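Pasted below: my_file-v6.txt, compact mmCIF, C-alpha atoms (C1' of nucleotides).
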```txt
# COMPACT_ATOMS: atom_id res chain seq x y z
CA MET A 20 3.98 190.70 40.67
CA SER A 21 0.91 192.90 40.38
CA LYS A 22 0.88 196.32 41.89
CA ARG A 23 -1.85 195.35 44.30
CA LEU A 24 -0.11 192.22 45.56
CA LYS A 25 3.08 194.18 46.05
CA GLN A 26 1.28 196.67 48.21
CA THR A 27 -0.26 193.88 50.26
CA THR A 28 3.11 192.30 50.87
CA LYS A 29 4.52 195.62 51.85
CA GLY A 30 1.56 196.18 54.11
CA ARG A 31 2.15 192.90 55.92
CA ALA A 32 5.82 193.68 56.37
CA ALA A 33 4.81 197.01 57.85
CA ASP A 34 2.40 195.24 60.20
CA VAL A 35 5.11 192.92 61.41
CA ALA A 36 7.48 195.83 61.94
CA ALA A 37 4.82 197.71 63.88
CA ARG A 38 4.08 194.67 66.03
CA GLU A 39 7.75 194.22 66.82
CA ALA A 40 8.17 197.89 67.64
CA THR A 41 5.26 197.62 70.07
CA LEU A 42 6.80 194.50 71.57
CA ALA A 43 10.06 196.36 72.19
CA VAL A 44 8.29 199.27 73.86
CA GLU A 45 6.24 196.98 76.09
CA LEU A 46 9.16 194.83 77.18
CA LYS A 47 11.54 197.69 77.83
CA GLY A 48 8.84 199.52 79.75
CA TRP A 49 8.29 196.46 81.91
CA PHE A 50 12.04 196.14 82.46
CA ARG A 51 12.45 199.74 83.61
CA LYS A 52 9.66 199.23 86.09
CA SER A 53 10.49 195.82 87.51
CA ALA A 54 14.17 195.13 86.92
CA ARG A 55 16.08 193.70 89.87
CA ASP A 56 18.67 196.01 91.36
CA LEU A 57 21.90 194.21 90.44
CA PRO A 58 25.41 195.59 91.09
CA TRP A 59 26.46 195.60 87.43
CA ARG A 60 23.35 197.56 86.49
CA ARG A 61 24.66 200.51 88.50
CA THR A 62 27.65 201.11 86.23
CA ARG A 63 28.41 201.99 82.66
CA ASP A 64 32.03 200.88 82.91
CA PRO A 65 32.66 198.36 80.10
CA TYR A 66 35.29 196.63 82.24
CA ALA A 67 32.85 196.04 85.08
CA ILE A 68 30.12 194.91 82.70
CA TRP A 69 32.50 192.54 80.91
CA LEU A 70 33.62 191.14 84.28
CA SER A 71 30.04 190.49 85.30
CA GLU A 72 29.19 188.84 81.99
CA VAL A 73 32.10 186.40 82.18
CA MET A 74 31.19 185.51 85.75
CA LEU A 75 27.58 185.02 84.72
CA GLN A 76 28.44 182.44 82.06
CA GLN A 77 26.52 179.34 83.14
CA THR A 78 26.28 180.78 86.64
CA ARG A 79 23.32 182.22 88.51
CA VAL A 80 23.00 185.87 89.41
CA GLU A 81 22.84 185.26 93.17
CA THR A 82 26.02 183.19 93.08
CA VAL A 83 27.96 185.82 91.16
CA ILE A 84 27.18 188.92 93.22
CA PRO A 85 29.69 188.46 96.09
CA TYR A 86 32.43 187.35 93.69
CA TYR A 87 31.79 190.39 91.49
CA GLU A 88 32.05 192.77 94.43
CA ARG A 89 35.29 191.26 95.74
CA PHE A 90 36.85 191.14 92.29
CA LEU A 91 36.03 194.75 91.49
CA GLN A 92 37.37 195.89 94.83
CA ARG A 93 40.68 194.08 94.34
CA PHE A 94 40.95 194.84 90.59
CA PRO A 95 39.20 198.19 89.98
CA ASP A 96 40.24 198.41 86.33
CA VAL A 97 41.48 196.28 83.48
CA ARG A 98 45.14 197.18 84.01
CA ALA A 99 45.02 196.11 87.64
CA LEU A 100 43.65 192.75 86.55
CA ALA A 101 46.11 192.42 83.69
CA SER A 102 49.11 192.90 85.96
CA ALA A 103 47.94 190.46 88.64
CA GLU A 104 49.35 186.98 89.21
CA ILE A 105 47.16 184.20 87.85
CA ASP A 106 47.23 182.45 91.22
CA GLU A 107 45.63 185.46 92.86
CA VAL A 108 43.00 185.66 90.13
CA LEU A 109 42.21 181.98 90.67
CA SER A 110 42.15 182.61 94.42
CA LEU A 111 39.40 185.20 94.02
CA TRP A 112 37.61 182.88 91.60
CA SER A 113 37.73 179.90 93.97
CA GLY A 114 34.30 178.32 94.37
CA LEU A 115 32.80 179.93 91.28
CA GLY A 116 33.61 177.00 89.01
CA TYR A 117 34.58 176.68 85.36
CA TYR A 118 38.08 177.87 86.23
CA ARG A 119 39.14 178.26 82.64
CA ARG A 120 37.00 181.39 82.66
CA ALA A 121 39.37 182.93 85.20
CA ARG A 122 42.41 182.21 83.05
CA GLU A 123 40.66 183.54 79.94
CA LEU A 124 39.54 186.58 81.92
CA HIS A 125 43.12 187.27 82.90
CA ARG A 126 44.40 186.78 79.35
CA CYS A 127 41.62 188.96 77.96
CA ALA A 128 42.56 191.74 80.36
CA GLN A 129 46.15 191.49 79.17
CA GLU A 130 45.02 191.64 75.53
CA VAL A 131 42.90 194.72 76.20
CA ALA A 132 45.72 196.38 78.13
CA SER A 133 48.42 195.67 75.56
CA MET A 134 46.55 195.73 72.25
CA HIS A 135 43.70 198.16 72.90
CA GLY A 136 45.34 200.66 75.23
CA GLY A 137 43.28 199.46 78.16
CA VAL A 138 39.99 200.30 76.41
CA PHE A 139 37.44 197.67 75.47
CA PRO A 140 36.30 197.76 71.81
CA ALA A 141 32.62 198.62 71.32
CA GLU A 142 31.73 196.41 68.38
CA ALA A 143 30.67 192.82 68.96
CA ALA A 144 32.86 191.58 66.10
CA GLU A 145 35.94 193.09 67.77
CA LEU A 146 35.00 191.88 71.24
CA ARG A 147 34.49 188.41 69.82
CA LYS A 148 38.20 188.21 68.99
CA LEU A 149 39.21 188.48 72.64
CA ARG A 150 39.84 185.45 74.86
CA GLY A 151 36.83 184.05 76.64
CA ILE A 152 34.39 186.27 74.76
CA GLY A 153 31.98 184.26 72.63
CA PRO A 154 28.86 185.32 70.75
CA TYR A 155 26.83 185.89 73.90
CA THR A 156 29.35 187.96 75.85
CA ALA A 157 30.26 190.02 72.78
CA GLY A 158 26.61 190.95 72.27
CA ALA A 159 26.13 191.65 75.96
CA VAL A 160 29.08 194.01 76.36
CA SER A 161 28.45 195.77 73.05
CA SER A 162 24.77 196.40 73.74
CA ILE A 163 24.83 197.01 77.48
CA ALA A 164 28.06 198.98 77.84
CA PHE A 165 28.11 200.72 74.44
CA ASP A 166 24.45 200.93 73.35
CA ARG A 167 25.21 199.14 70.10
CA PRO A 168 22.31 197.18 68.55
CA ALA A 169 24.00 193.80 69.00
CA ALA A 170 21.89 190.71 69.54
CA LEU A 171 22.52 188.19 72.29
CA VAL A 172 21.30 184.70 73.09
CA ASP A 173 21.75 182.95 76.42
CA GLY A 174 19.71 180.19 78.03
CA ASN A 175 16.99 182.63 79.07
CA VAL A 176 16.71 184.33 75.69
CA ALA A 177 16.63 181.00 73.87
CA ARG A 178 13.67 179.89 75.99
CA VAL A 179 11.83 183.21 75.72
CA LEU A 180 12.22 183.48 71.96
CA ALA A 181 11.41 179.81 71.39
CA ARG A 182 8.10 180.39 73.17
CA LEU A 183 7.42 183.80 71.69
CA GLU A 184 7.82 182.46 68.14
CA ALA A 185 6.82 178.83 68.82
CA ILE A 186 10.13 177.51 67.51
CA GLU A 187 10.11 173.72 67.26
CA ASP A 188 13.83 173.01 66.94
CA ASP A 189 15.90 171.65 69.82
CA VAL A 190 17.20 174.92 71.27
CA LYS A 191 20.59 173.33 72.07
CA SER A 192 21.12 172.05 68.52
CA THR A 193 23.08 173.96 65.90
CA ALA A 194 19.99 174.45 63.76
CA GLY A 195 17.89 175.58 66.72
CA LEU A 196 20.49 178.06 67.92
CA LYS A 197 20.89 179.44 64.42
CA ARG A 198 17.16 180.06 64.21
CA ILE A 199 17.04 181.65 67.67
CA TRP A 200 19.96 183.90 66.84
CA SER A 201 18.33 185.08 63.63
CA VAL A 202 15.18 185.97 65.58
CA ALA A 203 17.26 187.78 68.20
CA GLU A 204 19.06 189.77 65.52
CA ARG A 205 15.80 190.69 63.83
CA LEU A 206 14.20 191.88 67.07
CA VAL A 207 17.01 193.87 68.67
CA PRO A 208 15.96 197.53 68.51
CA ARG A 209 18.06 200.58 67.60
CA GLU A 210 16.81 202.36 70.69
CA GLU A 211 18.12 201.06 73.99
CA PRO A 212 19.32 197.68 72.74
CA GLY A 213 20.98 197.04 76.09
CA ALA A 214 17.70 197.46 77.95
CA TRP A 215 16.00 195.18 75.42
CA ASN A 216 18.55 192.41 75.82
CA GLN A 217 18.51 192.64 79.60
CA ALA A 218 14.72 192.68 79.53
CA LEU A 219 14.66 189.41 77.57
CA MET A 220 16.98 187.80 80.11
CA GLU A 221 15.10 189.26 83.07
CA LEU A 222 11.85 187.94 81.64
CA GLY A 223 13.37 184.48 81.27
CA ALA A 224 14.78 184.55 84.80
CA THR A 225 11.68 185.80 86.60
CA ILE A 226 8.55 185.08 84.52
CA CYS A 227 9.21 182.94 81.45
CA THR A 228 10.87 180.28 83.61
CA PRO A 229 11.67 176.72 82.49
CA GLN A 230 9.13 174.87 84.63
CA ASN A 231 6.08 176.96 85.48
CA PRO A 232 6.02 180.13 83.38
CA ALA A 233 3.97 182.90 84.98
CA CYS A 234 2.11 183.79 81.79
CA LEU A 235 -0.68 185.59 83.64
CA ILE A 236 1.66 188.38 84.65
CA CYS A 237 3.83 188.35 81.53
CA PRO A 238 4.09 191.77 79.87
CA VAL A 239 4.20 190.24 76.38
CA ARG A 240 1.74 187.37 76.78
CA ASP A 241 -0.48 188.70 73.98
CA ALA A 242 2.41 188.44 71.53
CA CYS A 243 3.43 184.90 72.54
CA ALA A 244 2.80 182.22 69.91
CA ALA A 245 3.36 179.33 72.34
CA ARG A 246 0.75 180.73 74.70
CA ALA A 247 -1.70 181.33 71.87
CA GLN A 248 -1.34 177.63 71.04
CA GLY A 249 -1.50 176.58 74.69
CA ARG A 250 1.96 175.06 74.40
CA GLU A 251 4.00 177.32 76.70
CA ARG A 252 4.86 174.36 78.91
CA GLU A 253 5.95 172.15 76.01
CA LEU A 254 8.39 174.68 74.57
CA PRO A 255 11.25 174.96 74.23
CA ILE A 256 12.21 171.48 73.14
CA VAL A 257 15.49 170.31 74.67
CA GLY A 258 17.39 167.14 73.78
CA GLU A 259 18.29 164.38 76.20
CA LYS A 260 21.43 164.55 78.27
CA ARG A 261 23.24 161.44 79.34
CA ALA A 262 23.99 160.43 82.89
CA SER A 263 27.42 161.29 84.26
CA PRO A 264 29.61 158.31 85.19
CA ARG A 265 30.85 157.81 88.74
CA VAL A 266 34.60 158.05 89.29
CA ALA A 267 36.35 156.61 92.34
CA MET A 268 39.24 158.68 93.70
CA VAL A 269 41.61 158.69 96.65
CA ALA A 270 42.96 161.87 98.23
CA ALA A 271 45.80 162.18 100.76
CA VAL A 272 45.83 165.00 103.30
CA VAL A 273 49.36 165.12 104.66
CA GLU A 274 50.15 167.47 107.54
CA HIS A 275 53.18 168.53 109.51
CA GLU A 276 52.72 171.14 112.25
CA GLY A 277 49.99 173.07 110.51
CA ARG A 278 51.48 172.79 107.02
CA PHE A 279 49.81 170.69 104.37
CA LEU A 280 51.07 169.05 101.20
CA PHE A 281 49.44 170.68 98.17
CA ALA A 282 49.78 169.96 94.46
CA ARG A 283 49.06 172.38 91.62
CA ARG A 284 47.12 171.00 88.65
CA LYS A 285 48.30 171.72 85.16
CA GLU A 286 46.27 174.27 83.31
CA GLY A 287 43.87 173.04 80.69
CA GLY A 288 41.97 170.18 82.28
CA LEU A 289 39.69 169.72 85.25
CA PHE A 290 40.41 172.25 88.04
CA GLY A 291 43.28 173.53 85.92
CA GLY A 292 45.68 175.82 87.79
CA LEU A 293 44.19 175.05 91.21
CA TRP A 294 45.97 173.68 94.29
CA GLU A 295 44.68 170.68 96.25
CA PRO A 296 45.72 167.77 98.44
CA PRO A 297 47.10 165.08 96.09
CA MET A 298 44.20 163.16 94.60
CA VAL A 299 44.26 160.27 92.15
CA GLU A 300 41.84 157.93 90.41
CA ALA A 301 41.78 154.67 92.35
CA GLN A 302 39.36 152.29 94.07
CA THR A 303 41.31 151.68 97.27
CA ALA A 304 44.04 153.27 99.35
CA GLU A 305 46.42 150.46 98.38
CA ASP A 306 45.78 150.97 94.65
CA ALA A 307 46.32 154.69 95.04
CA LYS A 308 49.74 154.54 96.69
CA PRO A 309 51.98 154.45 93.59
CA SER A 310 50.21 157.44 92.02
CA LEU A 311 50.16 159.30 95.33
CA ARG A 312 53.91 158.83 95.64
CA GLY A 313 54.25 160.41 92.20
CA ALA A 314 52.34 163.35 93.62
CA GLY A 315 54.71 163.88 96.55
CA VAL A 316 53.28 161.58 99.21
CA ALA A 317 56.42 159.90 100.62
CA VAL A 318 56.65 156.17 101.23
CA GLU A 319 57.15 156.81 104.93
CA ALA A 320 53.69 158.37 105.31
CA LYS A 321 51.32 156.15 107.26
CA LEU A 322 47.93 156.78 105.72
CA THR A 323 44.66 156.20 107.54
CA GLU A 324 41.19 156.42 106.11
CA VAL A 325 39.16 159.24 107.63
CA GLY A 326 36.09 159.61 105.45
CA ARG A 327 34.47 159.96 102.06
CA VAL A 328 33.52 163.00 100.02
CA GLU A 329 31.07 163.08 97.13
CA HIS A 330 31.22 165.81 94.56
CA VAL A 331 28.94 166.21 91.54
CA LEU A 332 30.20 167.85 88.37
CA THR A 333 28.43 168.45 85.09
CA HIS A 334 29.71 165.30 83.43
CA ARG A 335 31.06 163.21 86.34
CA GLU A 336 30.27 162.19 89.90
CA LEU A 337 33.36 161.95 92.07
CA ASP A 338 33.48 159.61 95.03
CA VAL A 339 36.62 160.43 96.99
CA LEU A 340 38.14 158.30 99.73
CA VAL A 341 40.02 160.66 102.05
CA LEU A 342 43.27 159.53 103.69
CA ARG A 343 45.16 161.40 106.35
CA ALA A 344 48.77 161.29 107.51
CA ARG A 345 51.05 163.17 109.87
CA ALA A 346 54.46 163.75 108.35
CA ASP A 347 57.36 163.69 110.82
CA ARG A 348 59.01 166.57 108.92
CA LEU A 349 58.51 168.85 105.91
CA TRP A 350 60.17 166.47 103.51
CA PRO A 351 61.76 167.97 100.40
CA LEU A 352 59.48 168.08 97.36
CA GLU A 353 60.44 167.18 93.82
CA ALA A 354 58.61 167.69 90.55
CA PRO A 355 55.52 165.44 90.54
CA THR A 356 55.26 162.61 88.02
CA THR A 357 51.55 161.89 88.50
CA ALA A 358 49.61 163.12 85.49
CA PRO A 359 47.54 166.17 86.42
CA TYR A 360 50.13 167.83 88.62
CA GLU A 361 52.94 170.21 87.79
CA ARG A 362 54.22 171.44 91.16
CA LEU A 363 54.19 170.66 94.89
CA ALA A 364 54.38 172.82 98.00
CA TRP A 365 53.82 172.82 101.76
CA MET A 366 51.11 175.35 102.49
CA GLU A 367 48.74 176.51 105.20
CA ARG A 368 45.41 174.69 105.31
CA GLY A 369 43.62 177.64 103.75
CA ALA A 370 46.14 177.85 100.87
CA GLU A 371 45.91 181.63 100.94
CA GLY A 372 46.49 183.47 97.68
CA VAL A 373 46.04 180.54 95.30
CA GLY A 374 43.07 178.85 93.70
CA VAL A 375 41.35 176.02 95.59
CA SER A 376 38.29 174.15 94.38
CA THR A 377 35.22 173.48 96.48
CA LEU A 378 36.03 169.78 96.21
CA ALA A 379 39.49 170.36 97.72
CA ARG A 380 37.93 172.34 100.57
CA LYS A 381 35.52 169.50 101.25
CA ILE A 382 38.42 167.04 101.36
CA LEU A 383 40.39 169.23 103.76
CA ALA A 384 37.34 169.59 105.97
CA ALA A 385 36.82 165.81 105.99
CA ALA A 386 40.41 165.28 107.16
CA LYS A 387 40.20 167.82 109.94
CA PRO A 388 40.54 166.38 113.46
CA GLU A 389 36.90 165.85 114.35
CA LYS A 390 34.58 166.78 117.08
CA LYS A 391 33.11 163.67 118.61
CA GLY A 392 29.72 163.84 116.93
CA ALA A 393 31.15 164.05 113.44
CA THR A 394 33.53 161.15 114.09
CA ARG A 395 30.74 158.87 115.15
CA LYS A 396 28.77 159.80 112.09
CA LYS A 397 31.60 158.77 109.77
CA LYS A 398 32.16 155.49 111.59
CA ALA A 399 28.48 154.72 111.39
CA ARG A 400 28.52 155.11 107.63
CA ALA A 401 31.68 153.02 107.11
C1' DA B 14 28.61 168.16 66.09
C1' DA B 15 29.97 166.57 70.34
C1' DG B 16 32.68 166.67 74.49
C1' DC B 17 34.73 169.12 78.29
C1' DC B 18 34.47 172.21 82.08
C1' DG B 19 31.92 173.62 88.63
C1' DG B 20 28.90 174.59 91.71
C1' DG B 21 24.59 175.36 93.52
C1' DG B 22 19.45 176.65 93.68
C1' DT B 23 14.96 174.91 92.74
C1' DC B 24 11.25 171.96 91.92
C1' DG C 28 16.93 163.01 91.98
C1' DA C 29 16.38 166.10 87.53
C1' DC C 30 16.95 170.42 85.61
C1' DC C 31 19.68 174.15 84.28
C1' DC C 32 21.81 178.50 85.00
C1' DA C 33 23.40 186.08 81.60
C1' DG C 34 28.67 179.90 77.60
C1' DG C 35 33.18 179.21 75.45
C1' DC C 36 36.82 176.37 73.83
C1' DT C 37 38.68 172.19 71.85
C1' DT C 38 38.63 168.25 69.01
```
Any chance you could put this one into structure tokens?
Amino acid sequence: MSKRLKQTTKGRAADVAAREATLAVELKGWFRKSARDLPWRRTRDPYAIWLSEVMLQQTRVETVIPYYERFLQRFPDVRALASAEIDEVLSLWSGLGYYRRARELHRCAQEVASMHGGVFPAEAAELRKLRGIGPYTAGAVSSIAFDRPAALVDGNVARVLARLEAIEDDVKSTAGLKRIWSVAERLVPREEPGAWNQALMELGATICTPQNPACLICPVRDACAARAQGRERELPIVGEKRASPRVAMVAAVVEHEGRFLFARRKEGGLFGGLWEPPMVEAQTAEDAKPSLRGAGVAVEAKLTEVGRVEHVLTHRELDVLVLRARADRLWPLEAPTTAPYERLAWMERGAEGVGVSTLARKILAAAKPEKKGATRKKKARA
DNA sequence: AAGCCGGGGTC
DNA sequence: GACCCAGGCTT
């Protein structure tokens, strides 16, 4: 390579570096000026920041805020969380979804308490070893709580970087994610990496949005390759997702003097660790009876249909027929034999202190003795 | 690499 | 309805 060419190459590399340094200054400046005031941005406590990041996995900021506040109030530090009962953790998590996160959160707290002396490690590689902490959360905690120059990629960052660099790959594919991550790692600055990462996410959430990006007010529009090509609405490219199948279910709400029959689901699967009125896959009440008996619903229970509940999940649409019965006594409960359940109990309607899904709450509400208007509505639909 | 795992806001 | 959100784990 000639001396002259070498200098040119070096010169271009220097130009790129200068452009990226400018980009970092611009974006961080914008972030300082226009960042939303979010609860977890008022603390430097790694525990609180970690808690917020786990709650924010696949979950919107507005949804998380009240859960974050309640959680932090009940469990002010990692040891408090580590020593809690899992049922109480799930209780505070109820309604937030993806309940495995709550179990992993609890286990992670126990790992930090027992193996790290109650102190979160600062390096992403160490954080990554803990339960429930993947590449994103490791980068987030390391950069935001510890000012380490760790990269991070979430849905927002993937979209922003795909547009900024006009990346053609499917951003959900392995190859696409690998490319996005390499860009993220190249761009993360030594100075204020936490502000940089949060700025990328903030930009994606408020300006560089999926549908109608507000390029006219974007602080980095002049550096955006997609915009330069007029393709900001075509990028990023995302693969097709398939429709979720419908699943017919039957639930039985059994009551005796204000106590309700609840079953606890085994950990691991759908709604793992949560309590609910017994609920089985079946088309009709008659078909459901054998499985319901295996979930504690005694033969003597006279079941009547009281309504239907629909519930949409990521990969399934549940259509639940709700049955109701008055038990003449609190009959003794044995170990359930129906698949998803591990334990039975008579509980108050609210099932205080344990985890209950939104679906279960909808089923309980549907079985509640009705006011006249609601009753007519159900009959009209049937 | 693909599937599983909630719930809800927005267009 | 469709989209997708401060993803991670399992197979």
(message) Taking only C-alpha atoms (C1' of nucleotides) into account and nothing else, which residues of chain A lie no more than 10 Å away from chain C? Please answer as JSON, numbers by chain.
(response) {"A": [71, 72, 73, 74, 75, 76, 77, 78, 79, 80, 119, 120, 123, 150, 151, 152, 153, 154, 155, 156, 159, 171, 172, 173, 174, 175, 176, 216, 217, 220, 221, 224, 229, 230]}
With C-alpha atoms retained, could you export that selection as a PDB file, in the coordinates of the input?
```
ATOM      1  CA  SER A  71      30.040 190.490  85.300  1.00  0.00           C
ATOM      2  CA  GLU A  72      29.190 188.840  81.990  1.00  0.00           C
ATOM      3  CA  VAL A  73      32.100 186.400  82.180  1.00  0.00           C
ATOM      4  CA  MET A  74      31.190 185.510  85.750  1.00  0.00           C
ATOM      5  CA  LEU A  75      27.580 185.020  84.720  1.00  0.00           C
ATOM      6  CA  GLN A  76      28.440 182.440  82.060  1.00  0.00           C
ATOM      7  CA  GLN A  77      26.520 179.340  83.140  1.00  0.00           C
ATOM      8  CA  THR A  78      26.280 180.780  86.640  1.00  0.00           C
ATOM      9  CA  ARG A  79      23.320 182.220  88.510  1.00  0.00           C
ATOM     10  CA  VAL A  80      23.000 185.870  89.410  1.00  0.00           C
ATOM     11  CA  ARG A 119      39.140 178.260  82.640  1.00  0.00           C
ATOM     12  CA  ARG A 120      37.000 181.390  82.660  1.00  0.00           C
ATOM     13  CA  GLU A 123      40.660 183.540  79.940  1.00  0.00           C
ATOM     14  CA  ARG A 150      39.840 185.450  74.860  1.00  0.00           C
ATOM     15  CA  GLY A 151      36.830 184.050  76.640  1.00  0.00           C
ATOM     16  CA  ILE A 152      34.390 186.270  74.760  1.00  0.00           C
ATOM     17  CA  GLY A 153      31.980 184.260  72.630  1.00  0.00           C
ATOM     18  CA  PRO A 154      28.860 185.320  70.750  1.00  0.00           C
ATOM     19  CA  TYR A 155      26.830 185.890  73.900  1.00  0.00           C
ATOM     20  CA  THR A 156      29.350 187.960  75.850  1.00  0.00           C
ATOM     21  CA  ALA A 159      26.130 191.650  75.960  1.00  0.00           C
ATOM     22  CA  LEU A 171      22.520 188.190  72.290  1.00  0.00           C
ATOM     23  CA  VAL A 172      21.300 184.700  73.090  1.00  0.00           C
ATOM     24  CA  ASP A 173      21.750 182.950  76.420  1.00  0.00           C
ATOM     25  CA  GLY A 174      19.710 180.190  78.030  1.00  0.00           C
ATOM     26  CA  ASN A 175      16.990 182.630  79.070  1.00  0.00           C
ATOM     27  CA  VAL A 176      16.710 184.330  75.690  1.00  0.00           C
ATOM     28  CA  ASN A 216      18.550 192.410  75.820  1.00  0.00           C
ATOM     29  CA  GLN A 217      18.510 192.640  79.600  1.00  0.00           C
ATOM     30  CA  MET A 220      16.980 187.800  80.110  1.00  0.00           C
ATOM     31  CA  GLU A 221      15.100 189.260  83.070  1.00  0.00           C
ATOM     32  CA  ALA A 224      14.780 184.550  84.800  1.00  0.00           C
ATOM     33  CA  PRO A 229      11.670 176.720  82.490  1.00  0.00           C
ATOM     34  CA  GLN A 230       9.130 174.870  84.630  1.00  0.00           C
TER      35      GLN A 230
END
```
(request) Measuring atom to atom with all atoms listed in the file, identify which of A:Gly313, A:Pro232, A:Pro95, A:Gly114 is nearest to A:Val375. (result) A:Gly114
(message) To one decimal place in Å, what is the distance between atom CA of A:Pro359 and atom CA of A:Val299?
(response) 8.9 Å
(request) Counting all atoms listed in the file, collect the residues of chain A whose closest atom lies at most 12 Å from chain B, and write them out as a ChimeraX atom specification. (result) /A:76-83,112-120,191-194,228-231,260-261,287-291,330-336,375-378
(message) Please compute the atom CA of A:Trp365-atom CA of A:Leu111 distance, one decimal, in Å.
(response)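 Straight-line distance from atom CA of A:Trp365 to atom CA of A:Leu111 works out to 20.5 Å.
One distance worth recording is that between atom CA of A:Val318 and atom CA of A:Ala301, which is 17.4 Å.
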(request) Mind checking which residues fall within 7 Å of A:Trp59, counting only C-alpha atoms (C1' of nucleotides), ignoring those fewer than 3 positions away in the same chain, and posting them as a ChimeraX atom specification? (result) /A:62,67-68,71
(request) Pick out the residues sitting within 10 Å of A:Val316, and hand them over as a PyMOL selection string; count all atoms listed in the file, and ignore anything fewer than 2 positions along from it in its own chain. (result) chain A and resi 271-273+280-281+296-297+308-314+318-322+344+346+350+352+355
Take the residues from that selection and put them in a file with C-alpha atoms, as a CSV table (one decimal), in the frame of the given file.
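Writing done, so here's out-v8.csv:
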```csv
chain,number,residue,atom,x,y,z
A,271,ALA,CA,45.8,162.2,100.8
A,272,VAL,CA,45.8,165.0,103.3
A,273,VAL,CA,49.4,165.1,104.7
A,280,LEU,CA,51.1,169.0,101.2
A,281,PHE,CA,49.4,170.7,98.2
A,296,PRO,CA,45.7,167.8,98.4
A,297,PRO,CA,47.1,165.1,96.1
A,308,LYS,CA,49.7,154.5,96.7
A,309,PRO,CA,52.0,154.4,93.6
A,310,SER,CA,50.2,157.4,92.0
A,311,LEU,CA,50.2,159.3,95.3
A,312,ARG,CA,53.9,158.8,95.6
A,313,GLY,CA,54.2,160.4,92.2
A,314,ALA,CA,52.3,163.4,93.6
A,318,VAL,CA,56.6,156.2,101.2
A,319,GLU,CA,57.2,156.8,104.9
A,320,ALA,CA,53.7,158.4,105.3
A,321,LYS,CA,51.3,156.2,107.3
A,322,LEU,CA,47.9,156.8,105.7
A,344,ALA,CA,48.8,161.3,107.5
A,346,ALA,CA,54.5,163.8,108.4
A,350,TRP,CA,60.2,166.5,103.5
A,352,LEU,CA,59.5,168.1,97.4
A,355,PRO,CA,55.5,165.4,90.5
```
A:Trp294: which residues within 9 Å, counting all atoms listed in the file, same-chain residues fewer than 6 positions away excluded, as a PDB file with C-alpha atoms, keeping the file's coordinate frame?
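Written output follows (selection.pdb):
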```
ATOM      1  CA  PHE A 281      49.440 170.680  98.170  1.00  0.00           C
ATOM      2  CA  ALA A 282      49.780 169.960  94.460  1.00  0.00           C
ATOM      3  CA  ARG A 283      49.060 172.380  91.620  1.00  0.00           C
ATOM      4  CA  ARG A 284      47.120 171.000  88.650  1.00  0.00           C
ATOM      5  CA  LEU A 363      54.190 170.660  94.890  1.00  0.00           C
ATOM      6  CA  ALA A 370      46.140 177.850 100.870  1.00  0.00           C
ATOM      7  CA  VAL A 373      46.040 180.540  95.300  1.00  0.00           C
ATOM      8  CA  GLY A 374      43.070 178.850  93.700  1.00  0.00           C
ATOM      9  CA  VAL A 375      41.350 176.020  95.590  1.00  0.00           C
ATOM     10  CA  SER A 376      38.290 174.150  94.380  1.00  0.00           C
ATOM     11  CA  ALA A 379      39.490 170.360  97.720  1.00  0.00           C
TER      12      ALA A 379
END
```
Can I get N, CA and C atoms for stretch 339-348 of chain A, as a PDB file, in the first residue's frame?
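To be explicit, this is the file written out as selection-v9.pdb:
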```pdb
ATOM      1  N   VAL A 339     -63.011 -18.757  26.451  1.00  0.00           N
ATOM      2  CA  VAL A 339     -63.301 -19.507  27.670  1.00  0.00           C
ATOM      3  C   VAL A 339     -64.790 -19.477  27.992  1.00  0.00           C
ATOM      4  N   LEU A 340     -65.370 -20.661  28.094  1.00  0.00           N
ATOM      5  CA  LEU A 340     -66.738 -20.800  28.586  1.00  0.00           C
ATOM      6  C   LEU A 340     -66.674 -20.843  30.110  1.00  0.00           C
ATOM      7  N   VAL A 341     -67.431 -19.945  30.760  1.00  0.00           N
ATOM      8  CA  VAL A 341     -67.350 -19.839  32.219  1.00  0.00           C
ATOM      9  C   VAL A 341     -68.550 -20.528  32.865  1.00  0.00           C
ATOM     10  N   LEU A 342     -68.269 -21.487  33.747  1.00  0.00           N
ATOM     11  CA  LEU A 342     -69.309 -22.184  34.507  1.00  0.00           C
ATOM     12  C   LEU A 342     -69.259 -21.701  35.951  1.00  0.00           C
ATOM     13  N   ARG A 343     -70.407 -21.832  36.612  1.00  0.00           N
ATOM     14  CA  ARG A 343     -70.473 -21.385  37.990  1.00  0.00           C
ATOM     15  C   ARG A 343     -71.218 -22.429  38.804  1.00  0.00           C
ATOM     16  N   ALA A 344     -70.759 -22.626  40.052  1.00  0.00           N
ATOM     17  CA  ALA A 344     -71.458 -23.575  40.934  1.00  0.00           C
ATOM     18  C   ALA A 344     -71.350 -23.106  42.370  1.00  0.00           C
ATOM     19  N   ARG A 345     -72.429 -23.389  43.136  1.00  0.00           N
ATOM     20  CA  ARG A 345     -72.366 -23.163  44.577  1.00  0.00           C
ATOM     21  C   ARG A 345     -72.101 -24.504  45.230  1.00  0.00           C
ATOM     22  N   ALA A 346     -71.014 -24.579  45.996  1.00  0.00           N
ATOM     23  CA  ALA A 346     -70.738 -25.808  46.730  1.00  0.00           C
ATOM     24  C   ALA A 346     -71.527 -25.767  48.033  1.00  0.00           C
ATOM     25  N   ASP A 347     -72.017 -26.928  48.485  1.00  0.00           N
ATOM     26  CA  ASP A 347     -72.796 -26.955  49.728  1.00  0.00           C
ATOM     27  C   ASP A 347     -71.881 -26.990  50.946  1.00  0.00           C
ATOM     28  N   ARG A 348     -70.587 -27.133  50.709  1.00  0.00           N
ATOM     29  CA  ARG A 348     -69.613 -27.139  51.818  1.00  0.00           C
ATOM     30  C   ARG A 348     -68.218 -26.942  51.225  1.00  0.00           C
TER      31      ARG A 348
END
```
